[in-house]
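Source file: start_8.txt; contents: compact mmCIF, C-alpha atoms and all ligand atoms.
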```txt
# COMPACT_ATOMS: atom_id res chain seq x y z
CA MET V 278 34.77 29.99 -10.06
CA THR V 279 36.70 32.87 -8.55
CA SER V 280 38.16 30.69 -5.80
CA THR V 281 37.74 27.00 -5.08
CA PRO V 282 35.56 26.43 -2.00
CA PRO V 283 37.47 24.79 0.84
CA PRO V 284 36.68 21.28 2.06
CA LEU V 285 33.89 21.17 4.54
CA TRP V 286 34.23 19.59 7.99
CA ILE V 287 31.48 17.58 9.60
CA GLY V 288 32.93 17.17 13.07
CA SER V 289 36.24 15.47 12.39
CA ILE V 290 35.15 14.18 8.97
CA LYS V 291 36.66 16.01 6.03
CA VAL V 292 34.26 16.38 3.12
CA ASP V 293 36.44 17.11 0.13
CA PRO V 294 35.17 18.30 -2.27
CA PRO V 295 32.23 19.90 -0.45
CA ILE V 296 29.80 18.17 -2.80
CA LEU V 297 27.47 15.63 -1.22
CA GLN V 298 25.52 12.83 -2.85
CA ALA V 299 21.96 13.06 -1.52
CA PRO V 300 20.08 10.22 0.11
CA MET V 301 17.29 8.98 -2.16
CA ALA V 302 15.01 6.16 -1.07
CA GLY V 303 14.82 3.42 -3.65
CA PHE V 304 17.84 4.76 -5.56
CA THR V 305 21.03 5.52 -3.65
CA ASN V 306 21.83 1.93 -2.75
CA TYR V 307 25.31 0.40 -2.82
CA ALA V 308 25.24 -0.17 -6.59
CA PHE V 309 24.42 3.47 -7.30
CA ARG V 310 27.06 4.69 -4.85
CA GLN V 311 29.68 2.48 -6.45
CA ILE V 312 28.79 3.76 -9.91
CA VAL V 313 29.12 7.34 -8.66
CA ARG V 314 32.49 6.49 -7.11
CA GLU V 315 33.78 5.37 -10.51
CA TYR V 316 33.53 8.97 -11.68
CA GLY V 317 34.37 10.70 -8.40
CA GLY V 318 33.60 14.25 -7.37
CA VAL V 319 31.72 13.38 -4.17
CA GLY V 320 33.02 14.32 -0.73
CA LEU V 321 30.36 12.39 1.18
CA HIS V 322 28.04 9.63 -0.01
CA ALA V 323 24.75 8.81 1.66
CA THR V 324 22.52 5.73 1.84
CA GLU V 325 18.78 5.71 1.37
CA MET V 326 16.83 6.59 4.50
CA VAL V 327 16.55 3.67 6.92
CA ASN V 328 13.58 3.31 9.24
CA ALA V 329 15.03 3.14 12.75
CA ARG V 330 12.06 1.36 14.27
CA GLY V 331 12.15 -1.30 11.57
CA PHE V 332 15.86 -1.79 12.21
CA VAL V 333 15.26 -2.33 15.94
CA TRP V 334 12.52 -4.82 15.18
CA LEU V 335 14.73 -6.79 12.80
CA ASP V 336 17.51 -6.75 15.38
CA GLU V 337 15.29 -7.98 18.20
CA ASN V 338 13.93 -10.73 16.00
CA GLU V 339 17.38 -11.73 14.85
CA ALA V 340 16.37 -11.18 11.28
CA GLU V 341 18.78 -9.85 8.67
CA HIS V 342 19.58 -6.16 8.81
CA PRO V 343 17.72 -3.77 6.49
CA ASP V 344 18.36 -4.24 2.78
CA ARG V 345 19.15 -0.55 2.70
CA LEU V 346 22.37 -1.25 4.59
CA TRP V 347 23.64 -3.33 1.67
CA GLY V 348 27.36 -2.67 1.23
CA VAL V 349 27.63 -0.25 4.13
CA ARG V 350 30.07 -2.37 6.14
CA GLU V 351 32.61 -2.80 3.35
CA GLU V 352 32.46 0.25 1.18
CA ALA V 353 34.75 3.26 1.07
CA ARG V 354 34.47 6.06 3.60
CA PRO V 355 33.32 8.70 4.28
CA LEU V 356 29.76 7.43 4.22
CA ALA V 357 26.62 8.76 5.89
CA VAL V 358 23.70 6.55 6.81
CA GLN V 359 20.40 8.35 7.08
CA ILE V 360 17.77 7.24 9.58
CA TRP V 361 14.26 8.34 10.47
CA ASP V 362 11.77 8.00 13.30
CA ASN V 363 10.30 10.22 16.02
CA GLN V 364 11.47 8.39 19.12
CA PRO V 365 14.75 9.69 20.56
CA GLU V 366 15.56 6.36 22.25
CA VAL V 367 14.92 4.32 19.12
CA MET V 368 17.05 6.68 17.06
CA ALA V 369 19.83 6.61 19.65
CA LYS V 370 19.84 2.82 19.72
CA VAL V 371 20.13 2.58 15.96
CA GLY V 372 22.71 5.36 15.77
CA LYS V 373 24.90 3.54 18.29
CA ARG V 374 24.54 0.33 16.34
CA LEU V 375 25.56 2.04 13.11
CA VAL V 376 28.59 3.55 14.78
CA ASP V 377 29.73 0.46 16.72
CA ASP V 378 28.95 -2.30 14.23
CA TYR V 379 29.11 -0.52 10.91
CA GLN V 380 31.65 2.19 11.66
CA VAL V 381 29.75 4.72 9.57
CA SER V 382 31.32 8.18 9.23
CA VAL V 383 28.17 10.22 9.80
CA VAL V 384 24.66 9.51 11.05
CA ASP V 385 22.16 11.77 9.28
CA ILE V 386 18.60 12.38 10.42
CA ASN V 387 15.74 12.79 8.01
CA PHE V 388 13.58 15.76 8.96
CA GLY V 389 12.55 16.49 5.40
CA CYS V 390 10.60 13.60 3.97
CA PRO V 391 7.14 14.86 2.89
CA VAL V 392 5.64 11.45 2.04
CA LYS V 393 2.37 10.72 3.88
CA GLN V 394 3.49 7.31 5.09
CA VAL V 395 6.32 9.00 6.98
CA THR V 396 4.58 12.25 8.02
CA GLU V 397 0.93 11.44 8.69
CA LYS V 398 1.29 7.79 9.59
CA ALA V 399 4.59 7.83 11.47
CA HIS V 400 4.77 11.49 12.58
CA SER V 401 8.33 11.63 11.34
CA GLY V 402 10.35 13.26 8.57
CA SER V 403 9.13 16.77 7.76
CA TYR V 404 6.24 16.38 10.24
CA LEU V 405 8.79 17.00 12.98
CA LEU V 406 9.56 20.50 11.67
CA LYS V 407 6.40 21.49 13.59
CA HIS V 408 7.86 19.93 16.73
CA PRO V 409 11.24 21.50 17.39
CA LYS V 410 11.36 20.16 20.95
CA THR V 411 11.13 16.60 19.70
CA MET V 412 13.74 17.38 17.07
CA PHE V 413 16.01 18.74 19.77
CA GLU V 414 15.57 15.63 21.88
CA ILE V 415 16.18 13.27 18.96
CA ILE V 416 19.36 15.06 17.96
CA ARG V 417 20.62 15.40 21.53
CA ARG V 418 20.17 11.71 22.31
CA LEU V 419 21.62 10.62 19.01
CA VAL V 420 24.67 12.86 19.42
CA GLU V 421 25.22 11.39 22.87
CA ALA V 422 24.87 7.82 21.62
CA CYS V 423 27.06 8.25 18.56
CA ALA V 424 29.89 10.40 19.95
CA PRO V 425 32.45 11.06 18.62
CA THR V 426 30.83 10.15 15.30
CA PRO V 427 29.06 13.26 14.01
CA VAL V 428 25.29 13.50 13.63
CA THR V 429 23.75 15.73 10.97
CA ALA V 430 20.23 16.85 10.08
CA LYS V 431 18.50 17.27 6.74
CA ILE V 432 15.46 19.54 6.64
CA ARG V 433 13.15 21.44 4.31
CA LEU V 434 12.34 25.15 4.71
CA GLY V 435 9.29 24.31 6.80
CA CYS V 436 6.06 22.33 6.58
CA THR V 437 4.10 24.86 4.55
CA ARG V 438 4.68 28.16 2.75
CA ASN V 439 2.82 29.85 5.65
CA ASN V 440 5.10 28.32 8.17
CA VAL V 441 8.66 28.63 6.95
CA ASN V 442 10.54 28.14 10.21
CA CYS V 443 13.96 27.00 8.99
CA ASP V 444 15.82 29.80 10.82
CA ASP V 445 14.48 28.66 14.19
CA ILE V 446 14.97 25.03 13.27
CA ALA V 447 18.57 25.72 12.29
CA LYS V 448 19.26 27.09 15.76
CA VAL V 449 17.60 24.07 17.38
CA VAL V 450 19.67 21.72 15.25
CA GLU V 451 22.94 23.42 16.19
CA GLU V 452 22.09 23.79 19.87
CA ALA V 453 21.21 20.11 20.10
CA GLY V 454 24.71 19.24 18.92
CA ALA V 455 24.40 18.39 15.23
CA ALA V 456 27.59 18.80 13.20
CA ALA V 457 26.02 20.05 9.95
CA LEU V 458 22.69 21.11 8.50
CA THR V 459 21.45 20.32 5.01
CA VAL V 460 18.51 22.30 3.68
CA HIS V 461 16.35 21.41 0.69
CA GLY V 462 14.97 24.76 -0.43
CA ARG V 463 11.30 23.79 -0.57
CA THR V 464 8.62 23.25 2.05
CA ALA V 465 7.08 19.83 2.64
CA GLN V 466 3.85 21.15 1.12
CA ASP V 467 5.74 22.00 -2.08
CA PHE V 468 6.83 18.39 -2.46
CA PHE V 469 8.87 18.90 -5.66
CA SER V 470 6.84 21.63 -7.32
CA GLY V 471 8.20 25.07 -8.17
CA SER V 472 11.87 25.78 -7.70
CA ALA V 473 14.08 25.50 -4.69
CA ASP V 474 14.36 28.85 -2.91
CA TRP V 475 18.09 29.44 -2.67
CA ASP V 476 17.70 32.96 -1.28
CA ARG V 477 15.90 31.41 1.65
CA ILE V 478 18.61 28.79 2.06
CA ALA V 479 21.23 31.56 2.09
CA GLU V 480 19.45 33.43 4.91
CA ILE V 481 19.85 30.45 7.22
CA LYS V 482 23.61 30.95 7.28
CA GLN V 483 23.34 33.89 9.69
CA HIS V 484 21.47 31.72 12.18
CA LEU V 485 24.23 29.14 12.42
CA ARG V 486 27.25 29.86 14.59
CA ASN V 487 29.74 27.10 13.86
CA ILE V 488 28.29 24.29 11.84
CA PRO V 489 28.35 24.13 8.04
CA LEU V 490 25.30 24.80 5.89
CA ILE V 491 24.73 22.49 2.93
CA GLY V 492 22.34 23.72 0.25
CA ASN V 493 20.19 21.37 -1.79
CA GLY V 494 17.65 21.68 -4.56
CA ASP V 495 17.58 21.75 -8.36
CA LEU V 496 21.34 21.57 -8.92
CA ASP V 497 21.56 19.85 -12.29
CA SER V 498 24.69 21.27 -13.86
CA ALA V 499 28.27 22.16 -12.98
CA ASP V 500 27.43 25.83 -13.56
CA LYS V 501 24.61 25.76 -11.04
CA VAL V 502 26.88 24.19 -8.44
CA VAL V 503 29.45 26.95 -8.97
CA ALA V 504 26.68 29.56 -8.74
CA ALA V 505 25.39 28.03 -5.50
CA PHE V 506 28.76 28.59 -3.84
CA GLU V 507 29.30 32.02 -5.39
CA ASN V 508 25.86 33.48 -4.78
CA TYR V 509 24.45 31.85 -1.69
CA GLY V 510 27.34 31.47 0.74
CA VAL V 511 26.75 27.79 1.45
CA ASP V 512 29.59 25.65 2.77
CA GLY V 513 28.58 22.65 0.71
CA VAL V 514 26.05 21.48 -1.84
CA MET V 515 24.04 18.30 -2.16
CA ILE V 516 22.84 16.86 -5.45
CA ALA V 517 19.96 14.40 -5.77
CA ARG V 518 17.70 13.80 -8.80
CA ALA V 519 19.96 15.11 -11.54
CA SER V 520 22.61 12.54 -10.64
CA LEU V 521 20.35 9.54 -11.07
CA GLY V 522 20.95 9.08 -14.78
CA ARG V 523 24.11 11.18 -14.75
CA PRO V 524 26.37 9.83 -12.03
CA TRP V 525 29.27 11.77 -13.62
CA LEU V 526 27.60 15.08 -12.70
CA PHE V 527 29.53 15.27 -9.41
CA ALA V 528 32.86 14.97 -11.24
CA GLN V 529 31.77 17.70 -13.65
CA ALA V 530 30.82 19.97 -10.75
CA HIS V 531 34.09 19.23 -8.99
CA ALA V 532 36.11 20.20 -12.07
CA ALA V 533 34.16 23.45 -12.41
CA LEU V 534 34.76 24.31 -8.76
CA ARG V 535 38.50 23.90 -9.30
CA GLY V 536 38.33 26.12 -12.34
CA GLU V 537 39.23 23.20 -14.62
CA PRO V 538 37.52 22.30 -17.89
CA VAL V 539 34.28 20.44 -17.25
CA PRO V 540 34.46 16.87 -18.59
CA PRO V 541 31.89 16.46 -21.38
CA GLU V 542 28.94 14.11 -21.03
CA PRO V 543 30.18 10.57 -21.77
CA THR V 544 29.20 9.28 -25.20
CA LEU V 545 25.91 7.41 -25.29
CA GLU V 546 27.88 4.21 -25.78
CA LEU V 547 29.80 4.85 -22.54
CA GLN V 548 26.55 5.75 -20.80
CA ARG V 549 25.05 2.48 -22.00
CA GLN V 550 28.05 0.56 -20.66
CA CYS V 551 27.73 2.36 -17.33
CA MET V 552 24.07 1.35 -17.12
CA LEU V 553 25.00 -2.27 -17.85
CA ARG V 554 27.60 -2.28 -15.05
CA HIS V 555 24.90 -0.90 -12.78
CA TYR V 556 22.57 -3.69 -13.90
CA ASP V 557 25.20 -6.37 -13.19
CA MET V 558 25.62 -5.15 -9.62
CA ILE V 559 21.88 -5.04 -9.03
CA VAL V 560 21.38 -8.54 -10.40
CA GLU V 561 24.30 -9.93 -8.43
CA ARG V 562 22.66 -8.69 -5.27
CA PHE V 563 18.97 -9.27 -5.91
CA GLY V 564 19.01 -12.09 -8.47
CA GLU V 565 17.83 -11.92 -12.07
CA ALA V 566 14.07 -11.71 -11.52
CA LYS V 567 13.95 -9.11 -8.75
CA GLY V 568 17.04 -7.29 -10.02
CA THR V 569 15.70 -6.85 -13.54
CA VAL V 570 12.45 -5.38 -12.28
CA LEU V 571 14.35 -3.12 -9.89
CA MET V 572 16.62 -1.95 -12.69
CA ARG V 573 13.73 -0.68 -14.84
CA LYS V 574 13.57 2.64 -13.01
CA PHE V 575 17.34 3.14 -13.06
CA ALA V 576 17.43 2.37 -16.78
CA CYS V 577 14.75 5.02 -17.41
CA CYS V 578 16.90 7.55 -15.57
CA TYR V 579 19.89 6.82 -17.79
CA ALA V 580 17.81 7.41 -20.92
CA GLN V 581 15.98 10.48 -19.62
CA GLY V 582 16.22 13.61 -21.73
CA LYS V 583 17.72 11.81 -24.70
CA PHE V 584 16.34 11.32 -28.16
CA GLY V 585 14.32 8.09 -28.13
CA ALA V 586 13.97 7.96 -24.34
CA ARG V 587 10.21 7.54 -24.46
CA HIS V 588 10.43 4.52 -26.70
CA PHE V 589 13.11 2.98 -24.52
CA ARG V 590 11.07 3.62 -21.38
CA THR V 591 7.98 1.95 -22.80
CA HIS V 592 9.92 -1.20 -23.57
CA VAL V 593 12.20 -1.36 -20.55
CA ALA V 594 9.19 -0.97 -18.26
CA ARG V 595 8.14 -4.50 -19.28
CA VAL V 596 11.37 -6.47 -19.01
CA SER V 597 11.63 -9.26 -16.46
CA THR V 598 14.63 -11.34 -17.53
CA ALA V 599 18.24 -10.53 -18.30
CA SER V 600 17.88 -11.44 -21.95
CA GLU V 601 14.83 -9.18 -22.29
CA PHE V 602 16.75 -6.38 -20.60
CA TYR V 603 19.80 -6.77 -22.85
CA GLY V 604 17.53 -7.06 -25.90
CA VAL V 605 15.71 -3.82 -25.11
CA VAL V 606 18.96 -2.01 -24.37
CA GLU V 607 20.46 -3.23 -27.63
CA GLU V 608 17.46 -2.16 -29.64
CA TYR V 609 16.16 0.94 -27.95
CA PHE V 610 18.74 2.61 -25.71
CA PRO V 611 19.45 6.01 -27.29
CA ARG V 612 22.48 6.06 -29.58
CA ASP V 613 24.81 8.77 -30.81
CA LEU V 614 23.62 9.81 -34.24
CA ASP V 615 27.28 10.18 -35.28
CA ALA V 616 27.98 6.60 -34.27
CA ILE V 617 24.95 5.33 -36.21
CA GLU V 618 26.06 7.24 -39.26
CA ALA V 619 29.63 5.95 -38.95
CA ALA V 620 28.39 2.37 -38.61
CA SER V 621 26.17 2.65 -41.67
CA GLN V 622 28.97 3.88 -43.93
C1 LIG N 701 13.08 9.34 -5.38
C2 LIG N 701 13.56 10.23 -4.26
C3 LIG N 701 13.84 9.69 -3.03
C4 LIG N 701 14.28 10.52 -1.99
N1 LIG N 701 14.60 9.95 -0.80
C5 LIG N 701 15.12 10.72 0.18
C6 LIG N 701 15.58 10.13 1.38
O1 LIG N 701 15.56 8.90 1.57
N2 LIG N 701 16.06 10.96 2.34
C7 LIG N 701 16.13 12.33 2.16
O2 LIG N 701 16.57 13.04 3.05
N3 LIG N 701 15.71 12.89 1.02
C8 LIG N 701 15.24 12.12 0.03
N4 LIG N 701 14.88 12.70 -1.15
C9 LIG N 701 15.08 14.14 -1.35
C10 LIG N 701 16.45 14.45 -1.94
O3 LIG N 701 17.51 14.01 -1.11
C11 LIG N 701 16.63 15.95 -2.23
O4 LIG N 701 16.50 16.64 -1.02
C12 LIG N 701 15.58 16.49 -3.20
O5 LIG N 701 15.38 15.60 -4.29
C13 LIG N 701 16.00 17.86 -3.76
O6 LIG N 701 17.24 17.78 -4.41
P1 LIG N 701 17.37 17.73 -6.03
O7 LIG N 701 16.64 18.92 -6.57
O8 LIG N 701 18.85 17.77 -6.30
O9 LIG N 701 16.72 16.47 -6.46
C14 LIG N 701 14.43 11.90 -2.20
C15 LIG N 701 14.13 12.43 -3.46
C16 LIG N 701 13.71 11.63 -4.49
C17 LIG N 701 13.42 12.23 -5.83
```
For the structure just supplied, provide its representation as structure tokens.
Ligand SMILES: Cc1cc2nc3c(=O)[nH]c(=O)nc-3n(C[C@H](O)[C@H](O)[C@H](O)COP(=O)(O)O)c2cc1C
Amino acid sequence: MTSTPPPLWIGSIKVDPPILQAPMAGFTNYAFRQIVREYGGVGLHATEMVNARGFVWLDENEAEHPDRLWGVREEARPLAVQIWDNQPEVMAKVGKRLVDDYQVSVVDINFGCPVKQVTEKAHSGSYLLKHPKTMFEIIRRLVEACAPTPVTAKIRLGCTRNNVNCDDIAKVVEEAGAAALTVHGRTAQDFFSGSADWDRIAEIKQHLRNIPLIGNGDLDSADKVVAAFENYGVDGVMIARASLGRPWLFAQAHAALRGEPVPPEPTLELQRQCMLRHYDMIVERFGEAKGTVLMRKFACCYAQGKFGARHFRTHVARVSTASEFYGVVEEYFPRDLDAIEAASQ
């Protein structure tokens, strides 16, 4: 890296380094965030998306708050909570609650989710990219309700390849008072196919006057993070999928941005231990039965791309008790060939 990118500011919140951990439903819960924190390299963590209407309902019925807010009260800051819905008043109510009761650092709005349940059924997420006026109203009301806590927006390039309207949307987002814009370089129609269009992300920069632009999509190595800053003029980057089984990726990217040697991948033994710490946290929260089932998908992520991953996946997909989980990990989690050789000598 020719020069280290400066910290990024979201309102009064300093994001240092300017590397953000993406919100991922079903994955970026408190346990995952804590595991990522062990390695460092993240300037701003994010929760999974929380349905604002569901939160209001739970509140009015004096039920417990959403599971997705697990840990949010206690954990380290800065922390962003992401919410979604299409009703400005509902969003404002939840935003205020998150600020007053949870003291979150940032309230982020999901305008990017392409899943049918959110778009077609609830007219929210990326569906709203076709409705900039509603987006404006949601952001404006939320900014008002949360002040001085900053509100941010996360979008895709547009709904379809024929309607890439991110430049106009970027202006709407800034005019409505948001403090940062994150862009995933695909359209909703793309879902996850093809590659993220970073040239298109870069073009958005000229349509923003003061707020930072955070680029997102396909960053899976320290080199790619460095290249994103060098080639596309973004103020920050956000990493999602690649960090799921490699929570140390942020720390690697951070080192590269500072021009320091990139820490190597942890040994498979250390990766295994990391996964087991992750499992302990999940089980402590959800109990053995539910926690073990929930952990299956995380465990698959840790093994992904390694020799023997397929075998491990087949077996871990069936575990339902702690002893089954530990047994499968012991027998099938990928091992360093060097370590196997050393042990057999
Ligand atoms: C399983 C999964 C869940 C996701 N959930 C959310 C979410 O709750 N909110 C959101 O804004 N984006 C969500 N995303 C999108 C990511 O935040 C990110 O924009 C996308 O994966 C592209 O980044 P990547 O190439 O680094 O994965 C999710 C993605 C995945 C794979």
Requested in this report: For each of V:Ala594, V:Leu553, V:Leu356, V:Leu485, take the minimum atom-to-atom distance to Val292 (chain V), counting all atoms listed in the file, then give the residue where this is smallest.
Outcome: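 Going through V:Ala594, V:Leu553, V:Leu356, V:Leu485 one by one, the smallest distance to Val292 (chain V) is for V:Leu356.
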Query - Test item: residues at most 10 Å from Phe527 (chain V), all atoms listed in the file, excluding those fewer than 3 positions along its chain, as a ChimeraX atom specification - result: /V:294,296-298,313-314,316-320,497-499,502,515-516,519-520,523-524,530-533
Requested in this report: For ligand LIG 701 (chain N), collect every residue having any atom at a distance of at most 8 Å from a ligand atom (counting all atoms listed in the file); output as an MDAnalysis selection string.
Outcome: chainID V and resid 299:304 324:327 359 386:390 431:433 460:462 469 473 493:497 515:520
Query raised in the report: For Asn440 (chain V), which residue among V:Val358, V:Ala465, V:Leu419, V:Leu547 is the nearest when counting all atoms listed in the file?
Result: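 When distances to Asn440 (chain V) are compared using all atoms listed in the file, the smallest one comes from V:Ala465.
The two atoms in question, CA of Ala308 (chain V) and CA of Met572 (chain V), are spaced 10.7 Å apart.
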